[in-house]
file coords-v8.cif (mmCIF, C-alpha atoms)
data_my_file
loop_
_atom_site.label_atom_id
_atom_site.label_comp_id
_atom_site.auth_asym_id
_atom_site.auth_seq_id
_atom_site.Cartn_x
_atom_site.Cartn_y
_atom_site.Cartn_z
CA MET A 1 95.41 82.48 123.38
CA ALA A 2 96.92 80.39 120.59
CA THR A 3 100.69 80.11 120.36
CA ALA A 4 102.19 82.35 117.68
CA ASP A 5 104.56 81.02 115.04
CA VAL A 6 106.03 84.51 114.64
CA THR A 7 105.96 87.52 116.94
CA VAL A 8 106.74 90.88 115.41
CA MET A 9 107.65 93.67 117.82
CA GLY A 10 106.55 96.96 116.26
CA ALA A 11 103.49 97.96 114.23
CA GLY A 12 105.08 100.32 111.75
CA VAL A 13 105.29 99.66 108.04
CA PHE A 14 108.35 97.38 108.29
CA GLY A 15 106.99 95.26 111.13
CA LEU A 16 103.56 94.92 109.57
CA SER A 17 104.99 94.13 106.12
CA VAL A 18 106.99 91.29 107.66
CA ALA A 19 103.91 90.09 109.54
CA TYR A 20 101.76 90.28 106.40
CA ALA A 21 104.27 88.29 104.32
CA CYS A 22 104.59 85.65 107.05
CA ALA A 23 100.80 85.38 107.35
CA GLN A 24 100.53 84.94 103.59
CA LYS A 25 102.83 81.94 103.97
CA GLY A 26 100.43 80.41 106.49
CA ALA A 27 102.11 81.41 109.75
CA PHE A 28 100.10 82.52 112.76
CA VAL A 29 101.52 85.97 113.47
CA ARG A 30 101.21 88.23 116.50
CA VAL A 31 102.26 91.89 116.16
CA ILE A 32 102.88 93.70 119.44
CA ASP A 33 103.24 97.45 119.78
CA PRO A 34 102.42 99.13 123.11
CA ASN A 35 101.82 102.44 121.34
CA GLY A 36 99.51 101.03 118.68
CA VAL A 37 99.60 100.91 114.89
CA ALA A 38 101.39 103.70 113.00
CA SER A 39 102.37 105.46 116.21
CA GLY A 40 105.85 106.36 114.97
CA ALA A 41 107.32 107.49 111.65
CA SER A 42 104.87 105.31 109.70
CA GLY A 43 102.04 107.54 110.92
CA GLY A 44 103.26 110.49 108.87
CA VAL A 45 101.58 112.41 106.08
CA VAL A 46 104.04 112.57 103.16
CA GLY A 47 104.21 109.14 101.49
CA ALA A 48 106.76 109.65 98.72
CA LEU A 49 107.83 106.34 97.16
CA ALA A 50 110.69 107.71 95.07
CA PRO A 51 113.62 105.77 93.60
CA HIS A 52 117.30 106.41 94.00
CA VAL A 53 118.90 107.95 90.92
CA PRO A 54 119.73 105.38 88.22
CA GLU A 55 123.51 105.45 88.45
CA ASN A 56 126.27 103.86 90.56
CA TRP A 57 124.04 100.81 90.83
CA ASN A 58 124.35 98.68 93.95
CA GLU A 59 122.39 96.11 95.98
CA LYS A 60 120.45 98.74 97.87
CA LYS A 61 119.25 100.45 94.70
CA ALA A 62 118.42 97.14 93.03
CA PHE A 63 116.46 96.00 96.10
CA GLN A 64 114.54 99.27 96.19
CA PHE A 65 113.82 99.07 92.45
CA ASP A 66 112.37 95.57 92.85
CA SER A 67 110.26 96.74 95.77
CA LEU A 68 108.87 99.74 93.90
CA VAL A 69 107.91 97.48 91.00
CA MET A 70 106.22 95.09 93.46
CA ALA A 71 104.33 97.88 95.21
CA ALA A 72 101.23 98.06 92.99
CA ASP A 73 100.36 94.39 93.49
CA PHE A 74 101.35 94.49 97.16
CA TRP A 75 99.05 97.39 98.07
CA ALA A 76 96.27 96.11 95.80
CA GLY A 77 96.36 92.88 97.79
CA VAL A 78 96.08 94.78 101.07
CA ALA A 79 93.16 96.80 99.69
CA ALA A 80 91.40 93.67 98.45
CA LEU A 81 91.61 92.03 101.88
CA THR A 82 90.48 95.06 103.84
CA GLY A 83 88.41 97.25 101.50
CA ALA A 84 90.64 100.16 102.49
CA ASP A 85 91.86 102.93 100.20
CA VAL A 86 95.56 103.17 101.00
CA GLY A 87 96.09 106.04 98.57
CA TYR A 88 98.64 104.20 96.42
CA VAL A 89 99.15 105.70 92.96
CA ARG A 90 102.16 105.21 90.69
CA SER A 91 101.94 108.87 89.75
CA GLY A 92 105.47 109.58 88.57
CA ARG A 93 107.51 112.57 89.62
CA LEU A 94 108.68 115.91 88.18
CA GLN A 95 111.91 117.66 89.16
CA PRO A 96 113.04 121.07 87.83
CA LEU A 97 116.52 121.37 86.33
CA ALA A 98 118.43 124.44 87.47
CA ASP A 99 121.16 124.80 84.85
CA ALA A 100 122.95 123.22 81.90
CA ARG A 101 125.05 121.00 84.16
CA ALA A 102 121.92 119.59 85.80
CA VAL A 103 120.39 118.97 82.38
CA ASP A 104 123.49 117.09 81.19
CA LEU A 105 123.53 114.94 84.32
CA ALA A 106 119.82 114.17 84.00
CA ARG A 107 120.25 113.09 80.38
CA ARG A 108 123.10 110.77 81.33
CA ARG A 109 120.87 109.28 84.00
CA ALA A 110 118.16 108.78 81.40
CA ARG A 111 120.55 106.55 79.47
CA THR A 112 121.50 104.49 82.51
CA ALA A 113 117.84 104.18 83.55
CA ALA A 114 117.04 102.67 80.15
CA GLU A 115 119.43 99.86 81.05
CA LEU A 116 119.00 99.51 84.81
CA TRP A 117 115.23 99.87 85.04
CA GLN A 118 114.72 96.99 82.60
CA GLY A 119 111.86 98.60 80.69
CA GLN A 120 109.74 98.78 83.86
CA ALA A 121 109.90 102.60 84.03
CA VAL A 122 111.54 105.58 82.36
CA TRP A 123 113.61 108.54 83.48
CA GLU A 124 113.50 111.30 80.89
CA VAL A 125 114.19 114.98 80.38
CA VAL A 126 111.15 116.82 79.02
CA LYS A 127 110.01 120.37 78.49
CA ALA A 128 108.26 121.98 81.43
CA GLY A 129 104.65 122.53 80.49
CA ASP A 130 102.59 125.58 81.33
CA ALA A 131 99.95 123.62 83.24
CA THR A 132 99.17 124.67 86.80
CA TRP A 133 100.72 121.59 88.38
CA MET A 134 104.28 122.00 87.14
CA PRO A 135 107.39 123.09 89.04
CA PRO A 136 108.98 126.32 87.74
CA SER A 137 112.26 125.42 86.03
CA PRO A 138 115.05 127.90 85.19
CA THR A 139 116.04 125.82 82.16
CA GLY A 140 112.50 125.16 80.98
CA LEU A 141 113.22 121.44 81.41
CA VAL A 142 112.26 118.91 84.06
CA VAL A 143 113.06 115.31 84.89
CA HIS A 144 110.04 113.04 84.59
CA ASP A 145 110.27 109.53 85.99
CA THR A 146 107.50 106.95 85.92
CA LEU A 147 108.79 104.76 88.76
CA SER A 148 107.88 107.13 91.61
CA ALA A 149 104.64 106.49 93.43
CA LEU A 150 102.80 107.94 96.39
CA ILE A 151 100.77 106.55 99.25
CA HIS A 152 98.91 107.79 102.30
CA PRO A 153 101.24 106.49 105.05
CA ARG A 154 98.88 106.45 108.01
CA ARG A 155 95.98 104.87 106.13
CA ALA A 156 98.27 102.35 104.45
CA THR A 157 99.87 101.23 107.70
CA ARG A 158 96.50 100.80 109.40
CA ALA A 159 95.20 98.85 106.39
CA LEU A 160 98.28 96.63 106.56
CA ALA A 161 97.45 95.86 110.20
CA ASP A 162 93.88 95.01 109.18
CA ALA A 163 95.24 92.73 106.44
CA VAL A 164 97.32 90.81 108.99
CA VAL A 165 94.18 90.29 111.07
CA ALA A 166 92.21 89.27 107.97
CA LEU A 167 94.80 86.53 107.41
CA GLY A 168 94.24 85.21 110.94
CA GLY A 169 96.93 87.17 112.77
CA GLN A 170 96.77 89.44 115.78
CA VAL A 171 97.79 93.09 116.19
CA VAL A 172 97.83 93.94 119.90
CA THR A 173 99.39 96.34 122.40
CA THR A 174 100.51 93.57 124.73
CA GLY A 175 100.79 89.80 124.64
CA PRO A 176 103.16 86.85 124.91
CA VAL A 177 106.30 86.89 122.78
CA GLU A 178 106.41 83.46 121.14
CA GLY A 179 107.83 81.62 118.19
CA ARG A 180 110.32 83.32 115.94
CA VAL A 181 110.74 86.95 116.97
CA VAL A 182 111.33 89.93 114.68
CA TRP A 183 112.22 93.35 116.12
CA ALA A 184 110.93 96.29 114.10
CA THR A 185 110.79 98.93 116.79
CA GLY A 186 111.80 102.06 114.89
CA TRP A 187 114.43 104.53 115.89
CA SER A 188 114.62 103.54 119.55
CA GLY A 189 115.26 99.92 118.60
CA LEU A 190 117.77 100.88 115.96
CA ALA A 191 119.69 103.01 118.45
CA GLU A 192 120.34 99.85 120.44
CA VAL A 193 122.37 98.42 117.54
CA GLY A 194 124.24 101.55 116.50
CA GLY A 195 121.77 103.53 114.41
CA ASN A 196 120.03 106.76 115.30
CA GLY A 197 116.90 108.76 114.74
CA VAL A 198 116.44 111.70 112.38
CA LYS A 199 113.47 113.93 113.08
CA GLY A 200 111.29 115.03 110.19
CA GLN A 201 108.60 117.69 110.13
CA ALA A 202 105.91 117.80 107.45
CA ALA A 203 102.56 119.42 106.76
CA LEU A 204 99.29 118.50 105.13
CA LEU A 205 97.58 121.22 103.09
CA ARG A 206 94.08 121.50 101.71
CA HIS A 207 94.63 121.63 97.94
CA ASP A 208 93.09 119.31 95.38
CA ALA A 209 95.64 118.04 92.86
CA GLY A 210 94.73 114.36 92.96
CA GLY A 211 96.00 112.35 90.03
CA GLN A 212 98.92 114.69 89.36
CA PRO A 213 102.56 113.58 89.63
CA GLN A 214 104.51 114.25 92.79
CA LEU A 215 107.06 117.05 92.72
CA PHE A 216 110.59 117.30 94.08
CA ALA A 217 112.12 120.75 94.35
CA ASP A 218 114.52 122.42 96.80
CA ALA A 219 114.96 119.04 98.54
CA LEU A 220 111.23 118.95 99.31
CA HIS A 221 108.66 116.32 98.41
CA ILE A 222 105.29 117.72 97.37
CA ILE A 223 102.75 114.90 97.31
CA PRO A 224 99.23 115.32 95.86
CA HIS A 225 97.06 112.77 97.66
CA GLY A 226 93.80 111.71 96.12
CA ASP A 227 91.66 113.02 98.98
CA GLY A 228 92.05 116.71 98.17
CA THR A 229 95.20 117.24 100.21
CA VAL A 230 98.84 117.91 99.41
CA ALA A 231 101.64 116.82 101.75
CA VAL A 232 104.86 118.80 101.99
CA GLY A 233 108.00 117.58 103.72
CA SER A 234 110.33 117.36 105.30
CA THR A 235 113.11 118.47 107.60
CA SER A 236 116.06 116.25 108.52
CA GLU A 237 117.10 116.98 112.09
CA ARG A 238 119.73 114.80 113.72
CA VAL A 239 119.66 116.91 116.89
CA PHE A 240 116.31 117.64 118.49
CA ASP A 241 114.74 118.14 121.92
CA ASP A 242 111.19 116.95 121.29
CA PRO A 243 110.56 114.19 118.74
CA VAL A 244 106.90 114.98 118.06
CA THR A 245 106.46 118.76 118.13
CA THR A 246 106.70 121.10 115.15
CA ASP A 247 108.44 124.45 115.19
CA ALA A 248 110.05 127.07 112.97
CA GLY A 249 111.71 124.30 110.97
CA LEU A 250 108.35 123.39 109.50
CA ASP A 251 107.55 127.05 108.85
CA ASP A 252 110.71 127.14 106.73
CA VAL A 253 109.61 124.01 104.84
CA LEU A 254 106.27 125.61 104.03
CA ALA A 255 107.89 128.86 102.89
CA ARG A 256 110.28 126.98 100.62
CA ALA A 257 107.43 124.91 99.22
CA VAL A 258 105.47 128.02 98.26
CA ALA A 259 108.59 129.58 96.73
CA ALA A 260 109.23 126.44 94.68
CA PHE A 261 105.59 125.96 93.82
CA PRO A 262 103.49 129.16 94.06
CA VAL A 263 100.12 127.43 93.49
CA LEU A 264 100.29 126.38 97.16
CA LYS A 265 100.41 129.99 98.36
CA ASP A 266 96.79 130.12 99.53
CA ALA A 267 96.46 126.48 100.59
CA THR A 268 95.30 126.01 104.18
CA VAL A 269 97.52 123.97 106.49
CA ILE A 270 95.26 121.34 108.06
CA GLU A 271 97.88 119.27 109.91
CA ARG A 272 101.43 119.76 111.17
CA TRP A 273 103.29 116.53 111.87
CA ALA A 274 106.63 115.56 113.36
CA GLY A 275 108.21 112.17 113.96
CA VAL A 276 111.56 110.42 114.09
CA ARG A 277 112.72 108.11 111.32
CA PRO A 278 115.17 105.26 112.00
CA ARG A 279 118.48 105.77 110.18
CA SER A 280 121.22 103.15 110.13
CA ILE A 281 124.90 104.02 109.90
CA SER A 282 124.93 102.95 106.25
CA ARG A 283 121.50 104.55 105.53
CA ALA A 284 120.38 101.13 104.23
CA PRO A 285 117.77 99.00 105.98
CA VAL A 286 119.01 96.62 108.68
CA LEU A 287 117.65 93.13 108.00
CA GLY A 288 118.63 89.72 109.30
CA ALA A 289 119.76 88.05 112.51
CA HIS A 290 119.53 90.39 115.48
CA PRO A 291 123.09 91.20 116.64
CA GLN A 292 122.14 91.32 120.33
CA ARG A 293 119.28 88.81 120.65
CA GLN A 294 120.36 85.23 119.99
CA GLY A 295 118.06 83.42 117.58
CA GLU A 296 115.92 86.49 116.87
CA PHE A 297 115.71 88.89 113.92
CA ILE A 298 115.67 92.59 113.11
CA ALA A 299 113.91 94.58 110.37
CA ASN A 300 114.57 98.27 110.82
CA GLY A 301 116.17 101.37 109.31
CA GLY A 302 113.56 102.40 106.76
CA PHE A 303 114.58 106.05 107.21
CA LYS A 304 113.15 108.03 104.27
CA ILE A 305 112.49 105.04 102.01
CA GLY A 306 110.62 102.71 104.32
CA PHE A 307 107.34 102.60 102.42
CA GLY A 308 109.13 102.10 99.12
CA MET A 309 111.20 99.25 100.59
CA ALA A 310 108.41 97.60 102.59
CA PRO A 311 107.02 95.09 100.03
CA LYS A 312 110.43 93.56 99.37
CA VAL A 313 111.47 93.77 103.03
CA GLY A 314 108.42 91.75 104.03
CA GLN A 315 109.08 89.12 101.39
CA ALA A 316 112.80 88.78 102.18
CA MET A 317 112.26 88.60 105.95
CA ALA A 318 109.46 86.02 105.63
CA ASP A 319 111.75 83.85 103.53
CA LEU A 320 114.49 84.15 106.16
CA VAL A 321 112.36 83.78 109.29
CA LEU A 322 110.11 80.94 108.10
CA ASP A 323 112.22 79.07 105.55
CA GLY A 324 115.80 79.93 106.49
CA ARG A 325 116.34 81.23 102.96
CA ASN A 326 118.51 84.34 103.03
CA THR A 327 117.92 86.69 100.09
CA VAL A 328 118.85 89.84 102.03
CA PRO A 329 121.65 91.88 100.44
CA ALA A 330 124.92 91.57 102.33
CA ASP A 331 125.03 95.34 102.83
CA PHE A 332 121.80 95.16 104.85
CA ALA A 333 123.16 92.67 107.41
CA PRO A 334 123.21 93.98 110.99
#

call {"tool": "encode", "arguments": {"input": "coords-v8.cif", "output": "structure tokens"}}
result
Amino acid sequence: MATADVTVMGAGVFGLSVAYACAQKGAFVRVIDPNGVASGASGGVVGALAPHVPENWNEKKAFQFDSLVMAADFWAGVAALTGADVGYVRSGRLQPLADARAVDLARRRARTAAELWQGQAVWEVVKAGDATWMPPSPTGLVVHDTLSALIHPRRATRALADAVVALGGQVVTTGPVEGRVVWATGWSGLAEVGGNGVKGQAALLRHDAGGQPQLFADALHIIPHGDGTVAVGSTSERVFDDPVTTDAGLDDVLARAVAAFPVLKDATVIERWAGVRPRSISRAPVLGAHPQRQGEFIANGGFKIGFGMAPKVGQAMADLVLDGRNTVPADFAP
């Protein structure tokens, strides 16, 4: 077996994005995950790539914005290498506005978005239409943003693994750890450096709304995938007994989704999913030199925004690992 230039521990979206970016730079990469590709939080069903609100701008929001703008080309490149449909669509998002205060806040955010989003996308307050795919809004108004996108997480992660292999890399369950080492081992790995895991439960429903914008209502993401399914999620459970089983918490999510969006009332649930997402103390990704493994690196803490952050995370970590060029925001340092 050839000696690897880079070994990535963990075959979730962060680990594979780092591996993909390193392979694009010509490195021979080996990804090792004993549980296989997309076995953790990256194997979910929701796939909301939604931006932070355009206010109180900081390095984390700017990094995420850049990554969301990069996403179309990033996932198109993966699809071109593999022939896979990853389900990426920059579909936009609709959010109902509950009262006059919410409307005023949304309009102020529209003004800041015009400045901060640099003409790459808009955040606007518009009238709620009477079309079927529209969240009920007490004010008759909704926020529409054109930066939000959606993706099929499980398919996208597996395609990313195939793209690493297409570039000459390896994705294996066991093998020698060689070269420069990057740890991207999800919530268990993050717990070793002071983070934790937050369980999420979500469901996949049979309902064809492909091509429609995603919805956000009652703290729920409602994601219309292009394969005739709609994903609904999720819970946020910091205390849990079993990381991968669903329970009454998901029943509550489904009930709230139907209340917020009645068109889903008769949709059949075809999959119930649970997994644990890695959350750092700061809620930002943890990128850079590993604090406990001399000379090695960490890329973790995607939490709820991992897929949206992944293109930029891969690029920044490849620059650091291969070239020693550190473009990682200071707030992301371990």

call {"tool": "resolve_selection", "arguments": {"input": "coords-v8.cif", "expression": "the PyMOL selection byres ((chain A and resi 48) around 9)", "output": "tab-separated table (two decimals) with C-alpha atoms, keeping the file's coordinate frame"}}
result
chain	number	residue	atom	x	y	z
A	46	VAL	CA	104.04	112.57	103.16
A	47	GLY	CA	104.21	109.14	101.49
A	49	LEU	CA	107.83	106.34	97.16
A	50	ALA	CA	110.69	107.71	95.07
A	148	SER	CA	107.88	107.13	91.61
A	149	ALA	CA	104.64	106.49	93.43
A	150	LEU	CA	102.80	107.94	96.39
A	151	ILE	CA	100.77	106.55	99.25
A	152	HIS	CA	98.91	107.79	102.30
A	153	PRO	CA	101.24	106.49	105.05
A	214	GLN	CA	104.51	114.25	92.79
A	221	HIS	CA	108.66	116.32	98.41
A	222	ILE	CA	105.29	117.72	97.37
A	223	ILE	CA	102.75	114.90	97.31
A	304	LYS	CA	113.15	108.03	104.27
A	305	ILE	CA	112.49	105.04	102.01
A	307	PHE	CA	107.34	102.60	102.42
A	308	GLY	CA	109.13	102.10	99.12

call {"tool": "closest_residue", "arguments": {"input": "coords-v8.cif", "among": "A:Thr235, A:Thr327, A:Thr185, A:Gln120", "to": "Ala11 in chain A", "atoms": "all atoms listed in the file"}}
result
A:Thr185

call {"tool": "resolve_selection", "arguments": {"input": "coords-v8.cif", "expression": "the PyMOL selection byres ((chain A and resi 103-108) around 12)", "output": "JSON list (two decimals) with C-alpha atoms, in the frame of the given file"}}
result
[["chain", "number", "residue", "atom", "x", "y", "z"],
["A", 53, "VAL", "CA", 118.90, 107.95, 90.92],
["A", 54, "PRO", "CA", 119.73, 105.38, 88.22],
["A", 55, "GLU", "CA", 123.51, 105.45, 88.45],
["A", 56, "ASN", "CA", 126.27, 103.86, 90.56],
["A", 95, "GLN", "CA", 111.91, 117.66, 89.16],
["A", 96, "PRO", "CA", 113.04, 121.07, 87.83],
["A", 97, "LEU", "CA", 116.52, 121.37, 86.33],
["A", 98, "ALA", "CA", 118.43, 124.44, 87.47],
["A", 99, "ASP", "CA", 121.16, 124.80, 84.85],
["A", 100, "ALA", "CA", 122.95, 123.22, 81.90],
["A", 101, "ARG", "CA", 125.05, 121.00, 84.16],
["A", 102, "ALA", "CA", 121.92, 119.59, 85.80],
["A", 109, "ARG", "CA", 120.87, 109.28, 84.00],
["A", 110, "ALA", "CA", 118.16, 108.78, 81.40],
["A", 111, "ARG", "CA", 120.55, 106.55, 79.47],
["A", 112, "THR", "CA", 121.50, 104.49, 82.51],
["A", 113, "ALA", "CA", 117.84, 104.18, 83.55],
["A", 114, "ALA", "CA", 117.04, 102.67, 80.15],
["A", 115, "GLU", "CA", 119.43, 99.86, 81.05],
["A", 122, "VAL", "CA", 111.54, 105.58, 82.36],
["A", 123, "TRP", "CA", 113.61, 108.54, 83.48],
["A", 124, "GLU", "CA", 113.50, 111.30, 80.89],
["A", 125, "VAL", "CA", 114.19, 114.98, 80.38],
["A", 126, "VAL", "CA", 111.15, 116.82, 79.02],
["A", 127, "LYS", "CA", 110.01, 120.37, 78.49],
["A", 137, "SER", "CA", 112.26, 125.42, 86.03],
["A", 138, "PRO", "CA", 115.05, 127.90, 85.19],
["A", 139, "THR", "CA", 116.04, 125.82, 82.16],
["A", 140, "GLY", "CA", 112.50, 125.16, 80.98],
["A", 141, "LEU", "CA", 113.22, 121.44, 81.41],
["A", 142, "VAL", "CA", 112.26, 118.91, 84.06],
["A", 143, "VAL", "CA", 113.06, 115.31, 84.89],
["A", 144, "HIS", "CA", 110.04, 113.04, 84.59],
["A", 145, "ASP", "CA", 110.27, 109.53, 85.99]]

call {"tool": "closest_residue", "arguments": {"input": "coords-v8.cif", "among": "A:Ile298, A:Ala2, A:Val244, A:Ala128", "to": "Arg30 in chain A", "atoms": "all atoms listed in the file"}}
result
A:Ala2

call {"tool": "closest_residue", "arguments": {"input": "coords-v8.cif", "among": "A:Ala71, A:Ala202, A:Ala121, A:Leu220", "to": "Gly249 in chain A", "atoms": "all atoms listed in the file"}}
result
A:Ala202

call {"tool": "residues_around", "arguments": {"input": "coords-v8.cif", "residues": "Leu190 in chain A", "least_positions_apart": "3", "cutoff": "10 Å", "atoms": "all atoms listed in the file", "output": "PyMOL selection string"}}
result
chain A and resi 183-187+193-197+277-281+286+298-301

call {"tool": "residues_around", "arguments": {"input": "coords-v8.cif", "residues": "Val230 in chain A", "least_positions_apart": "2", "cutoff": "6 Å", "atoms": "only C-alpha atoms", "output": "PyMOL selection string"}}
result
chain A and resi 204-205+207+223-225

call {"tool": "atom_distance", "arguments": {"input": "coords-v8.cif", "atom1": "CA of Val253 in chain A", "atom2": "CA of Gly36 in chain A"}}
result
28.7 Å

call {"tool": "closest_residue", "arguments": {"input": "coords-v8.cif", "among": "A:Val165, A:Val181, A:Val89, A:Ala159", "to": "Met9 in chain A", "atoms": "only C-alpha atoms"}}
result
A:Val181

call {"tool": "closest_residue", "arguments": {"input": "coords-v8.cif", "among": "A:Leu264, A:Val78, A:Val172, A:Leu287", "to": "Val37 in chain A", "atoms": "all atoms listed in the file"}}
result
A:Val172

call {"tool": "residues_around", "arguments": {"input": "coords-v8.cif", "residues": "Lys61 in chain A", "least_positions_apart": "3", "cutoff": "8 Å", "atoms": "all atoms listed in the file", "output": "mmCIF file with C-alpha atoms, in the coordinates of the input"}}
result
data_model
loop_
_atom_site.group_PDB
_atom_site.id
_atom_site.type_symbol
_atom_site.label_atom_id
_atom_site.label_comp_id
_atom_site.auth_asym_id
_atom_site.auth_seq_id
_atom_site.Cartn_x
_atom_site.Cartn_y
_atom_site.Cartn_z
ATOM 1 C CA PRO A 51 113.620 105.770 93.600
ATOM 2 C CA HIS A 52 117.300 106.410 94.000
ATOM 3 C CA TRP A 57 124.040 100.810 90.830
ATOM 4 C CA ASN A 58 124.350 98.680 93.950
ATOM 5 C CA GLN A 64 114.540 99.270 96.190
ATOM 6 C CA PHE A 65 113.820 99.070 92.450
#

call {"tool": "closest_residue", "arguments": {"input": "coords-v8.cif", "among": "A:Val8, A:Ala131, A:Phe297, A:Ser188", "to": "Asp33 in chain A", "atoms": "all atoms listed in the file"}}
result
A:Val8

call {"tool": "residues_around", "arguments": {"input": "coords-v8.cif", "residues": "range 14-28 of chain A", "least_positions_apart": "3", "cutoff": "7 Å", "atoms": "only C-alpha atoms", "output": "ChimeraX atom specification"}}
result
/A:4-6,8-11,160-161,163-164,167-169,184,299-300,310-311,313-315,317-318

call {"tool": "atom_distance", "arguments": {"input": "coords-v8.cif", "atom1": "CA of Ala62 in chain A", "atom2": "CA of Thr146 in chain A"}}
result
16.3 Å

call {"tool": "atom_distance", "arguments": {"input": "coords-v8.cif", "atom1": "CA of Leu215 in chain A", "atom2": "CA of Ala231 in chain A"}}
result
10.5 Å

call {"tool": "resolve_selection", "arguments": {"input": "coords-v8.cif", "expression": "the PyMOL selection byres ((chain A and resi 247) around 12)", "output": "ChimeraX atom specification"}}
result
/A:199-203,235,237,240-246,248-254,272-274

call {"tool": "residues_around", "arguments": {"input": "coords-v8.cif", "residues": "Asp85 in chain A", "least_positions_apart": "6", "cutoff": "8 Å", "atoms": "all atoms listed in the file", "output": "PyMOL selection string"}}
result
chain A and resi 79+155-156

call {"tool": "decode", "arguments": {"input": "coords-v8.cif", "residues": "range 131-153 of chain A", "atoms": "C-alpha atoms", "output": "PDB file, in the first residue's frame"}}
result
ATOM      1  CA  ALA A 131     -49.713  28.970  -3.676  1.00  0.00           C
ATOM      2  CA  THR A 132     -49.750  25.545  -2.048  1.00  0.00           C
ATOM      3  CA  TRP A 133     -46.088  25.634  -1.062  1.00  0.00           C
ATOM      4  CA  MET A 134     -46.151  28.683   1.199  1.00  0.00           C
ATOM      5  CA  PRO A 135     -45.962  28.878   4.992  1.00  0.00           C
ATOM      6  CA  PRO A 136     -49.046  30.430   6.639  1.00  0.00           C
ATOM      7  CA  SER A 137     -48.087  33.854   7.987  1.00  0.00           C
ATOM      8  CA  PRO A 138     -50.097  35.853  10.556  1.00  0.00           C
ATOM      9  CA  THR A 139     -48.894  39.117   9.017  1.00  0.00           C
ATOM     10  CA  GLY A 140     -49.348  38.036   5.414  1.00  0.00           C
ATOM     11  CA  LEU A 141     -45.612  38.619   4.939  1.00  0.00           C
ATOM     12  CA  VAL A 142     -42.629  36.286   4.725  1.00  0.00           C
ATOM     13  CA  VAL A 143     -38.863  36.586   4.563  1.00  0.00           C
ATOM     14  CA  HIS A 144     -37.446  35.328   1.291  1.00  0.00           C
ATOM     15  CA  ASP A 145     -33.706  34.830   1.009  1.00  0.00           C
ATOM     16  CA  THR A 146     -31.875  33.579  -2.060  1.00  0.00           C
ATOM     17  CA  LEU A 147     -28.703  32.391  -0.300  1.00  0.00           C
ATOM     18  CA  SER A 148     -30.217  29.283   1.305  1.00  0.00           C
ATOM     19  CA  ALA A 149     -29.708  25.990  -0.474  1.00  0.00           C
ATOM     20  CA  LEU A 150     -30.513  22.360   0.152  1.00  0.00           C
ATOM     21  CA  ILE A 151     -28.741  19.072  -0.388  1.00  0.00           C
ATOM     22  CA  HIS A 152     -29.332  15.377   0.198  1.00  0.00           C
ATOM     23  CA  PRO A 153     -26.820  14.764   3.020  1.00  0.00           C
TER      24      PRO A 153
END
